[in-house]
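Structure, as structure tokens:
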Amino acid sequence: MKHTISVLVENRFGAFNRVATMFSGRGFNVHSISIGETEDLDISRMTLVTSGDDQIIEQVVKQLNRLIDTIKVVDLTGQPRIERELALITVFYQKGTRPELTNICDIFRGKIVDINNRTLTLEITGPPDKIDAAINVLNQYGIKEIARSGTVALKRGEQAKIQPKISTTKEKEKV
Amino acid sequence: MKDHKQKLSGAEIFFECLKREKVEYIFGYPGGAVLKLYEKLYDVDFLEHILTRHEQGATHAAEGYAKATGKVGVVLATSGPGATNTVTGIADAYMDSVPIVVFTGQVPTKLIGNDAFQEADIMGITRPITKHNFLVRDVNELAEIIRKAFFIASTGRPGPVLVDLPKDVINSVCEFEYPEKVDIKGYKPTFLGHQNQIKKAAEMLKKAKKPLLYVGGGVIMSGGTRELALLARENNLPITMTLQGLGAFPGADPLSLGMLGMHGTYWANQAVNGCDLLIALGARFDDRVTGKVEAFSTKSYKIHVDVDPAAIDKNVLVDLPIVGDVKHVLAELAAEMNTKPEISDWWKQIEKWKQECPFEEDPNDGKLRTQFVIEKISEKTKGEAVIISDVGQHQMWIAQHYKFVHPRSHLTSGGLGTMGFSVPASIGAAFGKKDRLIISISGDGGFQMNIQELVTAVAHKLPIKFIVINNSFLGMVRQWQELFHAEKYSFTDLSQSNPDFKKVAEAFGLAGFSTDKPSDVESILDEAFAINDRPVFIEFKVLKEDMVFPMVPAGATISEMMTKRLNPKTMV
């Protein structure tokens, strides 16, 4: 099963390499890694998508924690979260297919960001499965190139619990 | 009043920091990139620099020092080849959790990445084999980084830390301030075990009918051997130790079942297999211990105490993890034990196993065997010596037959299995433990891997006893070839190419002895142990084809244990 793991690391020489080395050295899968600065300039956030059974994921989290440069490791899988990926997809078009491609782009809430006499480039953002779906559809027109950013993710903010106005007797007893 | 801070060069800061870390010895080798440090070292009087003859030797010596004393071992090497030569020792220290700090020179920061003379990306090379490593890019960071390096190496689960020192950083000057406190955001080792977990463990132990303590090197590292003895003696608990755990509890004590695992005792392995409660203390369920993981101690409730959370559930899933310093957890656990478990039947069963399959006795046929030599050394030294073994058959025979009395007395390369460890590591141990008898034991193969360090021992008149168990073979590999590889003794026979070891040792300046007769062993040991003004060399020429038993083949189960040679033949 795929897991999305968010890691806060020291924004320092070699920190990214340390994580990557640990993954390859211990034989863990990596589907994507993305890294960028955060609100604190001393800290970067790395979002990793990995896969494995529960024991492997437990080891991934523990081994990440074990690195001196990692500050916080959270497995976001199963938690309310927002996941996004950005893809740039360059597709071939012919006379008749341009409107179709524009239409597909609209359906995926994408943007056409570049065009020449043979190809156009779409920018699509969303959860990784949406990108997969878009690529799948665009394949039949002939894809020239794809660049994907890898997943970035954040936990959703704590939602205030809104008390129901009328509670059942059972719930009252519990309280 | 700002100007009380001194302005010091990087080299001066380096030694000021080492002084504050109470470093007694640096094991090192000079070279271009560290010349400034060696210039400064010339005037330093608060520590001693030990010149080894190879940087690998320096790293193993630092390991030997650290393992024998519990203090941090320090290495200094130059850039490029100097740095890469330390790599095996660093990997060894990483596998066996040995606290060492390795300082390597580096080309000037401006030249890094330019393929400069004697440049190697030692940061990249050692990243997967260090607990952490640092490149010092500015002299202003130097003091803080050295402080952090020693802190990281020695706390939590110990390990090697490398600090890469570019030439220009050592040469530049800044105000020196030694940071009294260390704060690393991402590094807060857990120290105290969780109270409720310890209570649960005690409850399990009280109820247990067949408990077993499985003791690893972590007990020795945490200094928890007294607490272990207290818990075991109060509750009459059987103890089995890993290769690194030997010495945590006296080997001759009736509570000790000896070592477990591939070449462990029959009864210890049966006890692991048959127990209903297995308490792992500072051990890591290594594959040489478990054999086939799925069949490892299947009937037991497992408690695992370790300071490293990642060690838990890594190889074997446990029922009750306790993350914390083993010494503290043991003390708390002992305090919780108000009723003793009722285990007299369990002891009867263990005794039965002991009778069932004891170690093979020496046939007394006039031929010299390693087991006999080790038993004699154990008797002569009353188990009180510091034994530094190398890797292979002799290492396993030492683990089986030397009855260690004290912790930090059995130094060996366990995890990485580095041949050539013993000679240099014994030099480090000899500096760290001047009041103890230091015995290095190697095979004829491993002895040649760092033989150059005999010079270091001679230069410092260290009274180390260098023993070589010479069977003219790479014995352990030969054993596997005989058992599992169709008796194809491919490149393991050294009989045609081995030098005359006694002559070699004498040329280095050691006193030399050699024999192939069992009757000579005691007198030679007596004579050799009496020489204390220089190192001594003793060669024991043993049977070529002797094998270590019992043996659980790699990845096999306890029931597949081989207890003796299947097709006995006349050995030469």
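For the structure tokens, the naming scheme is as follows: chains receive sequential letters (A, B, ...) according to their order of presentation, residues are indexed from 1 within each chain, and ligands are indexed from 1 in presentation order.
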
Hey, what's within 6 Å of Lys292 of chain B if we count only C-alpha atoms and toss same-chain stuff fewer than 2 positions away? As a PyMOL selection string, please? chain B and resi 294-295+555-557

Mind checking DSSP for segment 284-323 of chain B and telling me the strand (DSSP E or B) residues as a ChimeraX atom specification? /B:301-306,320-323

So that I have them on file, write out the residues from the current selection with C-alpha atoms, as a PDB file, in the first residue's frame.
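Now in result_11.pdb:
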```
ATOM      1  CA  TYR B 301       6.098 -13.810  24.530  1.00  0.00           C
ATOM      2  CA  LYS B 302       8.790 -11.355  23.506  1.00  0.00           C
ATOM      3  CA  ILE B 303       9.900  -8.256  25.361  1.00  0.00           C
ATOM      4  CA  HIS B 304      12.488  -6.065  23.674  1.00  0.00           C
ATOM      5  CA  VAL B 305      14.405  -3.383  25.541  1.00  0.00           C
ATOM      6  CA  ASP B 306      16.514  -1.119  23.350  1.00  0.00           C
ATOM      7  CA  LEU B 320       6.161  -5.640  24.386  1.00  0.00           C
ATOM      8  CA  PRO B 321       8.677  -2.987  23.296  1.00  0.00           C
ATOM      9  CA  ILE B 322      10.446  -0.842  25.863  1.00  0.00           C
ATOM     10  CA  VAL B 323      12.452   2.010  24.369  1.00  0.00           C
TER      11      VAL B 323
END
```

Excluding same-chain residues fewer than 4 positions from Gly142 of chain A, what lies within 10 Å of it counting only C-alpha atoms, as a ChimeraX atom specification? /A:90-93,119,137-138

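Nearest-residue note for Arg81 of chain A: choosing from A:Gln59, A:Gln159, A:Asn65, A:Thr121, the minimum distance belongs to A:Gln159, counting only C-alpha atoms.
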
DSSP on the backbone, then: every residue of segment 4-175 of chain A marked helix (DSSP H, G or I), written as number ranges by chain. A: 15-25, 54-66, 98-107, 128-141, 169-174

How close does chain A get to chain B? List, as CSV, each residue of chain A within 9 Å, its nearest atom pair and the distance in Å to one decimal, counting only C-alpha atoms.
```
residue,atom,partner,partner_atom,distance
A:Val9,CA,B:Gly186,CA,8.1
A:Glu10,CA,B:Gly186,CA,8.2
A:Phe13,CA,B:Leu135,CA,8.6
A:Gly14,CA,B:Gly124,CA,8.6
A:Asn17,CA,B:Gly124,CA,8.4
A:Arg18,CA,B:Arg127,CA,6.6
A:Thr21,CA,B:Pro128,CA,6.5
A:Met22,CA,B:Pro128,CA,6.6
A:Gly25,CA,B:Pro128,CA,7.0
A:Gln55,CA,B:Asp313,CA,7.3
A:Ile56,CA,B:Lys314,CA,8.3
A:Glu58,CA,B:Asp313,CA,8.4
A:Gln59,CA,B:Ala310,CA,6.4
A:Val60,CA,B:Ala310,CA,9.0
A:Val61,CA,B:Ala310,CA,8.6
A:Lys62,CA,B:Ala310,CA,5.0
A:Gln63,CA,B:Ala310,CA,6.0
A:Asn65,CA,B:Gly186,CA,7.8
A:Arg66,CA,B:Ala310,CA,7.3
A:Leu67,CA,B:His132,CA,7.6
A:Ile68,CA,B:Gly186,CA,5.3
A:Asp69,CA,B:Gly186,CA,5.7
A:Thr70,CA,B:Gly186,CA,5.2
A:Ile71,CA,B:Gly186,CA,4.1
A:Lys72,CA,B:Gly186,CA,7.3
```

Take the selection from the previous step and output its residues with N, CA and C atoms, as an mmCIF file, in the first residue's frame.
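Result saved to selection_34.cif:
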```
data_model
loop_
_atom_site.group_PDB
_atom_site.id
_atom_site.type_symbol
_atom_site.label_atom_id
_atom_site.label_comp_id
_atom_site.auth_asym_id
_atom_site.auth_seq_id
_atom_site.Cartn_x
_atom_site.Cartn_y
_atom_site.Cartn_z
ATOM 1 N N VAL A 9 12.868 18.497 7.755
ATOM 2 C CA VAL A 9 14.317 18.303 7.895
ATOM 3 C C VAL A 9 15.021 19.650 8.023
ATOM 4 N N GLU A 10 16.192 19.607 8.620
ATOM 5 C CA GLU A 10 17.031 20.807 8.689
ATOM 6 C C GLU A 10 17.355 21.236 7.258
ATOM 7 N N PHE A 13 23.012 21.494 4.061
ATOM 8 C CA PHE A 13 23.813 20.714 3.123
ATOM 9 C C PHE A 13 23.690 19.213 3.402
ATOM 10 N N GLY A 14 23.259 18.463 2.431
ATOM 11 C CA GLY A 14 23.295 17.009 2.579
ATOM 12 C C GLY A 14 22.071 16.360 3.201
ATOM 13 N N ASN A 17 20.118 14.360 0.694
ATOM 14 C CA ASN A 17 20.936 13.212 0.312
ATOM 15 C C ASN A 17 20.900 12.116 1.376
ATOM 16 N N ARG A 18 20.894 12.532 2.631
ATOM 17 C CA ARG A 18 20.850 11.570 3.726
ATOM 18 C C ARG A 18 19.590 10.706 3.645
ATOM 19 N N THR A 21 19.823 8.451 0.527
ATOM 20 C CA THR A 21 20.791 7.381 0.764
ATOM 21 C C THR A 21 20.204 6.310 1.664
ATOM 22 N N MET A 22 19.482 6.754 2.704
ATOM 23 C CA MET A 22 18.886 5.790 3.630
ATOM 24 C C MET A 22 17.882 4.903 2.880
ATOM 25 N N GLY A 25 19.869 2.560 0.574
ATOM 26 C CA GLY A 25 20.676 1.635 1.362
ATOM 27 C C GLY A 25 19.857 0.547 2.027
ATOM 28 N N GLN A 55 4.976 -3.510 8.483
ATOM 29 C CA GLN A 55 6.278 -3.600 9.148
ATOM 30 C C GLN A 55 7.319 -2.736 8.430
ATOM 31 N N ILE A 56 7.256 -2.743 7.095
ATOM 32 C CA ILE A 56 8.212 -1.932 6.334
ATOM 33 C C ILE A 56 7.960 -0.447 6.563
ATOM 34 N N GLU A 58 6.615 0.941 9.107
ATOM 35 C CA GLU A 58 7.045 1.260 10.469
ATOM 36 C C GLU A 58 8.560 1.507 10.482
ATOM 37 N N GLN A 59 9.295 0.645 9.774
ATOM 38 C CA GLN A 59 10.746 0.811 9.685
ATOM 39 C C GLN A 59 11.111 2.098 8.946
ATOM 40 N N VAL A 60 10.368 2.403 7.860
ATOM 41 C CA VAL A 60 10.649 3.634 7.113
ATOM 42 C C VAL A 60 10.556 4.837 8.053
ATOM 43 N N VAL A 61 9.473 4.873 8.825
ATOM 44 C CA VAL A 61 9.257 6.006 9.737
ATOM 45 C C VAL A 61 10.344 6.041 10.809
ATOM 46 N N LYS A 62 10.657 4.869 11.378
ATOM 47 C CA LYS A 62 11.680 4.823 12.432
ATOM 48 C C LYS A 62 13.056 5.206 11.902
ATOM 49 N N GLN A 63 13.394 4.690 10.712
ATOM 50 C CA GLN A 63 14.712 5.001 10.161
ATOM 51 C C GLN A 63 14.807 6.476 9.780
ATOM 52 N N ASN A 65 13.230 8.861 11.404
ATOM 53 C CA ASN A 65 13.388 9.521 12.698
ATOM 54 C C ASN A 65 14.811 9.418 13.227
ATOM 55 N N ARG A 66 15.456 8.329 12.859
ATOM 56 C CA ARG A 66 16.782 8.047 13.380
ATOM 57 C C ARG A 66 17.831 9.008 12.807
ATOM 58 N N LEU A 67 17.560 9.546 11.619
ATOM 59 C CA LEU A 67 18.508 10.490 11.030
ATOM 60 C C LEU A 67 18.550 11.753 11.890
ATOM 61 N N ILE A 68 19.768 12.252 12.064
ATOM 62 C CA ILE A 68 19.937 13.401 12.958
ATOM 63 C C ILE A 68 19.264 14.648 12.355
ATOM 64 N N ASP A 69 19.267 14.775 11.043
ATOM 65 C CA ASP A 69 18.731 15.978 10.409
ATOM 66 C C ASP A 69 17.204 16.015 10.307
ATOM 67 N N THR A 70 16.519 14.933 10.606
ATOM 68 C CA THR A 70 15.067 14.974 10.540
ATOM 69 C C THR A 70 14.519 15.457 11.878
ATOM 70 N N ILE A 71 13.544 16.364 11.782
ATOM 71 C CA ILE A 71 12.991 16.955 13.000
ATOM 72 C C ILE A 71 11.655 16.310 13.346
ATOM 73 N N LYS A 72 10.850 16.065 12.325
ATOM 74 C CA LYS A 72 9.536 15.475 12.579
ATOM 75 C C LYS A 72 9.133 14.599 11.391
#
```
